[in-house]
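Undergrad: Sharing upload08.pdb here; it has PDB, C-alpha atoms.
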```
MODEL        1
ATOM      1  CA  MET A   1       0.000   0.000   0.000
ATOM      2  CA  PRO A   2       1.652   3.331  -1.009
ATOM      3  CA  PRO A   3       2.541   5.691   1.718
ATOM      4  CA  ARG A   4       0.490   8.636   2.260
ATOM      5  CA  LEU A   5       1.827  12.039   1.481
ATOM      6  CA  ASP A   6       1.127  13.374   4.874
ATOM      7  CA  GLU A   7       3.177  10.578   6.567
ATOM      8  CA  PRO A   8       6.990  11.211   6.915
ATOM      9  CA  SER A   9       9.299   8.624   5.211
ATOM     10  CA  GLN A  10      12.466   7.012   6.742
ATOM     11  CA  ASP A  11      14.919   9.157   4.724
ATOM     12  CA  ASN A  12      13.150  12.255   5.616
ATOM     13  CA  ALA A  13      13.362  11.121   9.199
ATOM     14  CA  SER A  14      17.130  10.650   9.052
ATOM     15  CA  ILE A  15      17.658  14.030   7.410
ATOM     16  CA  HIS A  16      15.458  15.479   9.978
ATOM     17  CA  SER A  17      17.458  13.779  12.713
ATOM     18  CA  ARG A  18      20.792  15.145  11.294
ATOM     19  CA  ASP A  19      19.351  18.571  10.999
ATOM     20  CA  THR A  20      18.166  18.330  14.474
ATOM     21  CA  ASP A  21      21.661  17.023  15.848
ATOM     22  CA  PRO A  22      24.500  18.957  14.056
ATOM     23  CA  SER A  23      27.182  18.250  16.740
ATOM     24  CA  SER A  24      27.131  14.486  16.223
ATOM     25  CA  PHE A  25      27.379  14.965  12.438
ATOM     26  CA  ALA A  26      30.448  17.218  12.749
ATOM     27  CA  ALA A  27      32.173  14.770  15.083
ATOM     28  CA  SER A  28      31.557  11.869  12.692
ATOM     29  CA  TRP A  29      32.827  13.864   9.721
ATOM     30  CA  LYS A  30      35.950  14.920  11.624
ATOM     31  CA  SER A  31      36.803  11.356  12.656
ATOM     32  CA  ASP A  32      36.334  10.155   9.075
ATOM     33  CA  PHE A  33      38.584  12.965   7.810
ATOM     34  CA  LEU A  34      41.317  12.222  10.368
ATOM     35  CA  GLN A  35      41.228   8.534   9.503
ATOM     36  CA  LEU A  36      41.518   9.366   5.806
ATOM     37  CA  MET A  37      44.510  11.670   6.451
ATOM     38  CA  ALA A  38      46.226   9.004   8.575
ATOM     39  CA  ASP A  39      45.789   6.477   5.776
ATOM     40  CA  CYS A  40      47.238   8.932   3.235
ATOM     41  CA  ILE A  41      50.249   9.627   5.455
ATOM     42  CA  GLN A  42      50.875   5.914   5.941
ATOM     43  CA  HIS A  43      50.655   5.267   2.203
ATOM     44  CA  SER A  44      53.002   8.179   1.468
ATOM     45  CA  GLU A  45      55.552   6.807   3.948
ATOM     46  CA  GLU A  46      55.343   3.383   2.341
ATOM     47  CA  LEU A  47      55.830   4.939  -1.106
ATOM     48  CA  GLU A  48      58.811   6.919   0.169
ATOM     49  CA  SER A  49      60.444   3.771   1.607
ATOM     50  CA  ILE A  50      59.847   1.948  -1.680
ATOM     51  CA  SER A  51      61.402   4.803  -3.664
ATOM     52  CA  THR A  52      64.412   4.813  -1.294
ATOM     53  CA  GLU A  53      64.871   1.085  -1.812
ATOM     54  CA  LEU A  54      64.611   1.567  -5.574
ATOM     55  CA  LEU A  55      67.287   4.278  -5.491
ATOM     56  CA  ALA A  56      69.588   2.059  -3.401
ATOM     57  CA  THR A  57      69.046  -0.834  -5.779
ATOM     58  CA  GLU A  58      69.781   1.430  -8.733
ATOM     59  CA  GLY A  59      73.053   2.564  -7.073
ATOM     60  CA  LYS A  60      74.081  -1.048  -6.476
ATOM     61  CA  ILE A  61      73.358  -1.895 -10.116
ATOM     62  CA  ARG A  62      75.453   1.071 -11.264
ATOM     63  CA  ASN A  63      78.320  -0.021  -8.996
ATOM     64  CA  LEU A  64      78.106  -3.527 -10.415
ATOM     65  CA  ILE A  65      78.177  -2.138 -13.964
ATOM     66  CA  CYS A  66      81.239   0.017 -13.147
ATOM     67  CA  LEU A  67      82.937  -2.961 -11.515
ATOM     68  CA  GLN A  68      82.247  -5.080 -14.575
ATOM     69  CA  GLN A  69      83.665  -2.394 -16.849
ATOM     70  CA  SER A  70      86.800  -2.044 -14.711
ATOM     71  CA  ILE A  71      87.265  -5.820 -14.651
ATOM     72  CA  ASN A  72      86.882  -5.951 -18.434
ATOM     73  CA  SER A  73      89.372  -3.122 -18.946
ATOM     74  CA  GLU A  74      91.863  -4.717 -16.543
ATOM     75  CA  TYR A  75      91.459  -8.034 -18.317
ATOM     76  CA  GLU A  76      92.078  -6.372 -21.681
ATOM     77  CA  GLU A  77      95.139  -4.594 -20.278
ATOM     78  CA  ARG A  78      96.538  -7.840 -18.885
ATOM     79  CA  GLU A  79      95.847  -9.570 -22.160
ATOM     80  CA  LYS A  80      97.692  -6.786 -23.985
ATOM     81  CA  ARG A  81     100.672  -7.003 -21.653
ATOM     82  CA  TYR A  82     100.690 -10.775 -21.972
ATOM     83  CA  ARG A  83     100.826 -10.498 -25.756
ATOM     84  CA  GLU A  84     103.582  -7.892 -25.508
ATOM     85  CA  ARG A  85     105.589 -10.216 -23.259
ATOM     86  CA  LEU A  86     105.068 -13.069 -25.667
ATOM     87  CA  TRP A  87     106.328 -10.854 -28.484
ATOM     88  CA  GLU A  88     109.323  -9.800 -26.377
ATOM     89  CA  CYS A  89     110.086 -13.446 -25.594
ATOM     90  CA  GLU A  90     109.930 -14.296 -29.279
ATOM     91  CA  GLN A  91     112.249 -11.404 -30.102
ATOM     92  CA  ALA A  92     114.630 -12.461 -27.345
ATOM     93  CA  ALA A  93     114.585 -16.037 -28.625
ATOM     94  CA  GLN A  94     115.367 -14.827 -32.143
ATOM     95  CA  GLN A  95     118.215 -12.661 -30.865
ATOM     96  CA  GLN A  96     119.603 -15.531 -28.835
ATOM     97  CA  GLY A  97     119.402 -17.770 -31.897
ATOM     98  CA  GLN A  98     121.295 -15.217 -33.971
ATOM     99  CA  MET A  99     123.884 -14.814 -31.218
ATOM    100  CA  MET A 100     124.313 -18.586 -31.014
ATOM    101  CA  GLU A 101     124.804 -18.800 -34.763
ATOM    102  CA  SER A 102     127.370 -15.989 -34.646
ATOM    103  CA  LEU A 103     129.187 -17.704 -31.787
ATOM    104  CA  GLU A 104     129.196 -20.988 -33.677
ATOM    105  CA  ASP A 105     130.641 -19.286 -36.752
ATOM    106  CA  LEU A 106     133.231 -17.516 -34.650
ATOM    107  CA  ARG A 107     134.189 -20.746 -32.864
ATOM    108  CA  ALA A 108     134.519 -22.557 -36.199
ATOM    109  CA  ASP A 109     136.720 -19.759 -37.560
ATOM    110  CA  LEU A 110     138.914 -19.839 -34.452
ATOM    111  CA  ASP A 111     139.217 -23.625 -34.571
ATOM    112  CA  MET A 112     140.249 -23.508 -38.209
ATOM    113  CA  GLU A 113     142.744 -20.704 -37.641
ATOM    114  CA  MET A 114     144.252 -22.469 -34.635
ATOM    115  CA  ALA A 115     144.463 -25.732 -36.558
ATOM    116  CA  ALA A 116     146.165 -23.951 -39.463
ATOM    117  CA  GLU A 117     148.667 -22.175 -37.197
ATOM    118  CA  THR A 118     149.560 -25.001 -34.775
ATOM    119  CA  SER A 119     150.085 -27.842 -37.242
ATOM    120  CA  PRO A 120     153.912 -28.230 -37.668
ATOM    121  CA  LYS A 121     153.739 -30.266 -40.797
ATOM    122  CA  ARG A 122     151.224 -29.559 -43.497
ATOM    123  CA  SER A 123     150.373 -32.025 -46.192
ATOM    124  CA  SER A 124     149.780 -31.119 -49.797
ATOM    125  CA  ARG A 125     146.074 -30.862 -49.076
ATOM    126  CA  HIS A 126     146.758 -28.293 -46.361
ATOM    127  CA  ARG A 127     149.004 -26.367 -48.720
ATOM    128  CA  LYS A 128     146.229 -26.194 -51.250
ATOM    129  CA  LEU A 129     143.791 -24.913 -48.617
ATOM    130  CA  LYS A 130     146.240 -22.384 -47.167
ATOM    131  CA  PRO A 131     145.256 -19.505 -49.484
ATOM    132  CA  HIS A 132     141.605 -20.149 -48.574
ATOM    133  CA  TRP A 133     142.362 -19.768 -44.859
ATOM    134  CA  ARG A 134     144.310 -16.620 -45.518
ATOM    135  CA  ARG A 135     141.507 -15.116 -47.545
ATOM    136  CA  LYS A 136     138.972 -15.998 -44.862
ATOM    137  CA  SER A 137     141.068 -14.648 -41.992
ATOM    138  CA  LYS A 138     141.819 -11.468 -43.935
ATOM    139  CA  ALA A 139     138.141 -11.045 -44.733
ATOM    140  CA  GLY A 140     137.278 -11.483 -41.044
ATOM    141  CA  LEU A 141     139.864  -8.912 -40.022
ATOM    142  CA  LEU A 142     138.612  -6.499 -42.653
ATOM    143  CA  ASP A 143     135.029  -6.947 -41.421
ATOM    144  CA  LYS A 144     136.097  -6.293 -37.838
ATOM    145  CA  GLU A 145     138.039  -3.209 -38.870
ATOM    146  CA  ARG A 146     135.075  -1.986 -40.908
ATOM    147  CA  VAL A 147     132.674  -2.479 -37.972
ATOM    148  CA  HIS A 148     135.078  -0.745 -35.586
ATOM    149  CA  TRP A 149     135.450   2.135 -38.039
ATOM    150  CA  LEU A 150     131.668   2.474 -38.325
ATOM    151  CA  TYR A 151     131.232   2.545 -34.552
ATOM    152  CA  LYS A 152     133.999   5.081 -34.201
ATOM    153  CA  LEU A 153     132.365   7.238 -36.895
ATOM    154  CA  ARG A 154     129.068   6.989 -35.045
ATOM    155  CA  TRP A 155     130.783   7.999 -31.819
ATOM    156  CA  GLU A 156     132.443  10.973 -33.514
ATOM    157  CA  MET A 157     129.097  12.105 -34.941
ATOM    158  CA  ALA A 158     127.518  11.836 -31.495
ATOM    159  CA  MET A 159     130.344  13.934 -30.050
ATOM    160  CA  LEU A 160     129.706  16.535 -32.724
ATOM    161  CA  LEU A 161     125.904  16.617 -32.519
ATOM    162  CA  GLY A 162     125.521  16.000 -28.788
ATOM    163  CA  GLY A 163     123.568  12.738 -28.921
ATOM    164  CA  SER A 164     124.011   9.463 -27.091
ATOM    165  CA  VAL A 165     125.822   6.443 -28.524
ATOM    166  CA  GLY A 166     125.229   3.716 -25.977
ATOM    167  CA  HIS A 167     121.836   2.103 -26.240
ATOM    168  CA  GLY A 168     119.886  -0.869 -24.935
ATOM    169  CA  LYS A 169     116.427  -2.213 -24.235
ATOM    170  CA  VAL A 170     114.447  -4.402 -21.878
ATOM    171  CA  ILE A 171     114.277  -7.835 -23.468
ATOM    172  CA  HIS A 172     112.206  -9.595 -20.817
ATOM    173  CA  THR A 173     110.285  -8.871 -17.598
ATOM    174  CA  PHE A 174     108.703 -11.434 -15.320
ATOM    175  CA  GLU A 175     107.142 -11.632 -11.874
ATOM    176  CA  SER A 176     109.041 -13.813  -9.414
ATOM    177  CA  PRO A 177     107.258 -15.094  -6.288
ATOM    178  CA  VAL A 178     110.491 -14.657  -4.307
ATOM    179  CA  HIS A 179     112.052 -11.425  -5.592
ATOM    180  CA  GLY A 180     109.116  -9.674  -7.257
ATOM    181  CA  LEU A 181     109.406  -7.927 -10.621
ATOM    182  CA  GLU A 182     112.640  -8.893 -12.388
ATOM    183  CA  MET A 183     114.006  -7.506 -15.648
ATOM    184  CA  MET A 184     116.511  -8.572 -18.280
ATOM    185  CA  ILE A 185     118.211  -5.730 -20.146
ATOM    186  CA  ALA A 186     120.775  -5.892 -22.925
ATOM    187  CA  GLY A 187     122.681  -3.305 -24.892
ATOM    188  CA  SER A 188     126.070  -1.809 -25.650
ATOM    189  CA  GLY A 189     128.042   1.224 -24.563
ATOM    190  CA  PHE A 190     131.251   3.076 -25.331
ATOM    191  CA  ILE A 191     134.014   4.374 -23.091
ATOM    192  CA  ALA A 192     136.778   6.497 -24.577
ATOM    193  CA  HIS A 193     140.256   6.704 -23.037
ATOM    194  CA  SER A 194     143.002   9.115 -23.986
ATOM    195  CA  GLU A 195     146.394   7.481 -24.338
ATOM    196  CA  GLU A 196     149.784   8.748 -25.368
ATOM    197  CA  ARG A 197     152.274   6.657 -27.267
ATOM    198  CA  HIS A 198     155.612   7.877 -28.621
ATOM    199  CA  GLY A 199     154.665  11.440 -27.791
ATOM    200  CA  THR A 200     151.359  11.303 -29.706
ATOM    201  CA  ALA A 201     147.978  11.512 -27.940
ATOM    202  CA  PHE A 202     145.050   9.640 -29.416
ATOM    203  CA  THR A 203     141.647   8.317 -28.361
ATOM    204  CA  VAL A 204     141.042   4.626 -27.726
ATOM    205  CA  LEU A 205     137.396   3.625 -28.004
ATOM    206  CA  HIS A 206     136.227   0.583 -26.048
ATOM    207  CA  ARG A 207     132.856  -0.958 -26.830
ATOM    208  CA  HIS A 208     131.096  -2.980 -24.112
ATOM    209  CA  HIS A 209     128.229  -5.405 -24.725
ATOM    210  CA  TYR A 210     126.189  -6.261 -21.674
ATOM    211  CA  MET A 211     123.222  -8.306 -20.507
ATOM    212  CA  LEU A 212     122.062  -7.608 -16.953
ATOM    213  CA  HIS A 213     119.553  -9.305 -14.674
ATOM    214  CA  LEU A 214     117.972  -6.591 -12.522
ATOM    215  CA  LEU A 215     116.352  -7.540  -9.223
ATOM    216  CA  PRO A 216     114.167  -5.181  -7.151
ATOM    217  CA  ARG A 217     117.064  -4.516  -4.772
ATOM    218  CA  ASP A 218     119.246  -3.460  -7.736
ATOM    219  CA  ARG A 219     116.621  -0.972  -8.900
ATOM    220  CA  LYS A 220     116.343   0.489  -5.384
ATOM    221  CA  SER A 221     120.052   0.602  -4.527
ATOM    222  CA  LYS A 222     122.087   0.896  -7.750
ATOM    223  CA  PHE A 223     119.986   1.963 -10.761
ATOM    224  CA  ILE A 224     118.485   5.010  -9.028
ATOM    225  CA  LEU A 225     117.171   8.059 -10.867
ATOM    226  CA  LEU A 226     118.447  11.064  -8.939
ATOM    227  CA  PRO A 227     115.866  13.869  -8.496
ATOM    228  CA  ARG A 228     116.562  17.065 -10.403
ATOM    229  CA  HIS A 229     116.866  19.230  -7.279
ATOM    230  CA  GLN A 230     119.860  17.103  -6.152
ATOM    231  CA  TRP A 231     121.890  17.726  -9.317
ATOM    232  CA  VAL A 232     125.012  19.853  -9.200
ATOM    233  CA  PRO A 233     123.991  23.364 -10.390
ATOM    234  CA  ASP A 234     125.280  24.403 -13.802
ATOM    235  CA  LYS A 235     126.535  27.778 -12.677
ATOM    236  CA  HIS A 236     128.879  26.216 -10.098
ATOM    237  CA  MET A 237     130.864  24.169 -12.608
ATOM    238  CA  LYS A 238     133.136  25.465 -15.361
ATOM    239  CA  GLN A 239     134.969  22.173 -15.984
ATOM    240  CA  CYS A 240     133.926  18.549 -16.488
ATOM    241  CA  GLN A 241     133.687  16.605 -13.215
ATOM    242  CA  PHE A 242     134.552  13.199 -14.675
ATOM    243  CA  GLU A 243     137.352  11.477 -12.816
ATOM    244  CA  HIS A 244     138.554   7.936 -13.442
ATOM    245  CA  VAL A 245     140.263   6.291 -10.473
ATOM    246  CA  SER A 246     142.205   3.154 -11.329
ATOM    247  CA  THR A 247     144.326   0.839  -9.197
ATOM    248  CA  THR A 248     146.412  -0.391 -12.123
ATOM    249  CA  ARG A 249     147.262   2.940 -13.708
ATOM    250  CA  SER A 250     147.259   6.605 -12.812
ATOM    251  CA  SER A 251     143.967   8.397 -12.244
ATOM    252  CA  TYR A 252     142.501  10.592 -14.930
ATOM    253  CA  GLN A 253     140.732  13.918 -14.476
ATOM    254  CA  CYS A 254     138.933  15.445 -17.466
ATOM    255  CA  THR A 255     140.113  18.958 -18.237
ATOM    256  CA  THR A 256     137.358  19.926 -20.680
ATOM    257  CA  GLN A 257     136.189  23.507 -20.164
ATOM    258  CA  PHE A 258     132.543  24.266 -20.847
ATOM    259  CA  SER A 259     131.748  26.855 -23.483
ATOM    260  CA  PHE A 260     129.135  27.738 -26.059
ATOM    261  CA  LEU A 261     130.139  24.748 -28.196
ATOM    262  CA  GLN A 262     131.016  22.416 -25.322
ATOM    263  CA  ARG A 263     127.691  21.868 -23.555
ATOM    264  CA  ARG A 264     127.096  20.714 -20.000
ATOM    265  CA  HIS A 265     125.370  17.399 -19.370
ATOM    266  CA  HIS A 266     124.084  16.028 -16.077
ATOM    267  CA  CYS A 267     124.458  12.396 -15.126
ATOM    268  CA  ARG A 268     120.993  11.233 -14.067
ATOM    269  CA  ARG A 269     122.473   8.848 -11.490
ATOM    270  CA  CYS A 270     125.129  10.864  -9.625
ATOM    271  CA  GLY A 271     124.070  14.384 -10.661
ATOM    272  CA  LYS A 272     127.553  15.515 -11.697
ATOM    273  CA  VAL A 273     128.160  17.908 -14.585
ATOM    274  CA  VAL A 274     130.151  16.189 -17.326
ATOM    275  CA  CYS A 275     131.045  16.792 -20.954
ATOM    276  CA  GLN A 276     129.639  15.040 -24.009
ATOM    277  CA  ARG A 277     132.697  12.814 -24.303
ATOM    278  CA  HIS A 278     132.097  11.241 -20.885
ATOM    279  CA  SER A 279     128.273  11.047 -20.957
ATOM    280  CA  SER A 280     127.395   9.264 -24.197
ATOM    281  CA  ASN A 281     125.786   6.170 -22.651
ATOM    282  CA  CYS A 282     122.242   5.466 -21.460
ATOM    283  CA  LEU A 283     120.987   3.048 -18.820
ATOM    284  CA  PRO A 284     117.562   2.357 -17.277
ATOM    285  CA  LEU A 285     117.124   4.254 -14.011
ATOM    286  CA  PHE A 286     114.263   3.906 -11.533
ATOM    287  CA  ARG A 287     112.620   6.052  -8.894
ATOM    288  CA  PRO A 288     113.485   4.521  -5.497
ATOM    289  CA  ARG A 289     110.047   4.954  -3.877
ATOM    290  CA  ALA A 290     107.956   3.770  -6.822
ATOM    291  CA  LEU A 291     106.522   0.276  -6.443
ATOM    292  CA  TYR A 292     105.928  -0.546 -10.111
ATOM    293  CA  ASP A 293     108.317   1.734 -11.992
ATOM    294  CA  ILE A 294     109.270   0.450 -15.439
ATOM    295  CA  GLY A 295     112.225   2.857 -15.501
ATOM    296  CA  GLN A 296     113.436   5.276 -18.134
ATOM    297  CA  TRP A 297     116.599   5.169 -20.215
ATOM    298  CA  SER A 298     118.644   8.135 -19.028
ATOM    299  CA  ARG A 299     122.051   9.655 -19.696
ATOM    300  CA  VAL A 300     124.807   8.473 -17.348
ATOM    301  CA  CYS A 301     128.444   9.396 -17.057
ATOM    302  CA  ASP A 302     131.253   6.962 -17.859
ATOM    303  CA  ALA A 303     132.038   6.500 -14.154
ATOM    304  CA  CYS A 304     128.473   5.307 -13.424
ATOM    305  CA  PHE A 305     128.488   3.160 -16.566
ATOM    306  CA  GLN A 306     131.762   1.609 -15.429
ATOM    307  CA  ASP A 307     130.334   0.975 -11.967
ATOM    308  CA  LEU A 308     127.000  -0.498 -13.100
ATOM    309  CA  VAL A 309     127.983  -2.430 -16.239
ATOM    310  CA  VAL A 310     131.699  -2.982 -16.697
ATOM    311  CA  SER A 311     132.664  -3.622 -13.067
ATOM    312  CA  SER A 312     129.607  -5.795 -12.369
TER     313      SER A 312
ENDMDL
END
```
Please, can you express the file's structure as structure tokens?
TA:
Amino acid sequence: MPPRLDEPSQDNASIHSRDTDPSSFAASWKSDFLQLMADCIQHSEELESISTELLATEGKIRNLICLQQSINSEYEEREKRYRERLWECEQAAQQQGQMMESLEDLRADLDMEMAAETSPKRSSRHRKLKPHWRRKSKAGLLDKERVHWLYKLRWEMAMLLGGSVGHGKVIHTFESPVHGLEMMIAGSGFIAHSEERHGTAFTVLHRHHYMLHLLPRDRKSKFILLPRHQWVPDKHMKQCQFEHVSTTRSSYQCTTQFSFLQRRHHCRRCGKVVCQRHSSNCLPLFRPRALYDIGQWSRVCDACFQDLVVSS
């Protein structure tokens, strides 16, 4: 049965009740609003913690990517050095093979010359071969004289132009579990001595071939690169400081005076000021406090070259 118009409905009754009790309505609305704000704050805090975790994860991923790149670059560098060492070993093996062949040829020549000179009685066969031995020995002497003349010409050109004559290179490096980084160097150098015979002074050029095995203690105690501030100042020296002290013969003091044409050169090992004549060699020198210093080939005086190469 439809309600009558003059009878109040349920909705109208509730509206009427709210209108009649405004304080309870405001309290309910306020509690609902506070609950909604608390939920929003909680959700915002959860979102903030999630974003913080995402940023931390992103930083870890970036660190892992950088670590992977550094590992790859280090691996490539080690691979490159390994190939370079293999190439150096191959070059050293080739040089050793050539040196062995030269030594074999030289030994055969010496054996033949000694056999030709020490035999008291020569048969007809030996007499027929005698001109051959003479030609070969003369050719060997001519080759030696030609090589010596070329080296002396090179030394004279270096004295004129101010360059270095002695040279060398590192033929092999390897890591030893006992001594650490060890090096094998080989090269040649020149030392000139002034001698006087029958009232005539002339220069005698001595060529030295060397092959040295350098240990870490050698690089820290002998082959030391002297810092520039410890060198002897140029303005304090007007004459070459080279002095050769010998127990078998008299000592020698260089009397070369520096001028516009005669330049000053510093020995990178002892720091003395020497002339071009007594500083034409180079050796690898190392910084004493560096852990992994590969060294640099530097100019040294003849006294330091004598101490490091010839005397050792």
Undergrad: Work out how far apart CA of Arg299 (chain A) and CA of Arg81 (chain A) are and give it in Å to one decimal.
TA: 27.2 Å
Undergrad: From the set A:Ser298, A:Ser73, A:Gln253, A:Gln95, which residue has the shortest atom-to-atom contact distance to Phe286 (chain A), counting only C-alpha atoms?
TA: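 Answer, going by the shortest atom-to-atom distance: A:Ser298.
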Undergrad: Please measure the separation of CA of Cys89 (chain A) and CA of Phe174 (chain A), giving the value in Å to one decimal.
TA: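 We find that CA of Cys89 (chain A) and CA of Phe174 (chain A) lie 10.6 Å from each other.
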Undergrad: Expand the PyMOL selection byres ((chain A and resi 308) around 10) into the explicit residue set it covers here, and present it as number ranges by chain.
TA: A: 212, 218, 222-223, 283, 302-307, 309-312
Undergrad: Carefully work through the PyMOL selection byres ((chain A and resi 187) around 9) for this structure and note down the residues it includes, as a PyMOL selection string.
TA: chain A and resi 166-170+185-186+188-189+208-211+283
Undergrad: Which is closest to Val274 (chain A) among A:Ser259, A:Val300, A:Met37, A:Pro288, if we use only C-alpha atoms?
TA: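 With only C-alpha atoms as the atom set, the closest residue is A:Val300.
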Undergrad: Name every residue that the PyMOL selection byres ((chain A and resi 228) around 12) selects in this structure, writing the answer as a list in words with chains first and numbers rising.
TA: Leu225, Leu226, Pro227, His229, Gln230, Trp231, Val232, Pro233, Asp234, His266, Cys267, Arg268, Arg269, Cys270, Gly271, Lys272 and Arg287 of chain A
Undergrad: Emit as lines of an AutoDock Vina configuration file the padded axis-aligned box for all listed atoms of region 28-43 of chain A, 8 Å per side, with centre and edge lengths in Å to one decimal.
TA:
```
center_x = 41.2
center_y = 10.1
center_z = 7.4
size_x = 35.3
size_y = 25.7
size_z = 26.5
```
Undergrad: Calculate how many Å separate CA of Gln257 (chain A) from CA of Cys240 (chain A), rounding to one decimal.
TA: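 For CA of Gln257 (chain A) relative to CA of Cys240 (chain A), the distance reads 6.6 Å.
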Undergrad: Smallest atom-to-atom distance to Ile191 (chain A): which of A:Ser44, A:Thr173, A:Ser164, A:Thr52, using all atoms listed in the file?
TA: A:Ser164
Undergrad: I'd like the contact shell of Cys254 (chain A) - 7 Å cut-off, all atoms listed in the file, skipping same-chain residues fewer than 5 positions apart - returned as a ChimeraX atom specification.
TA: /A:240-243
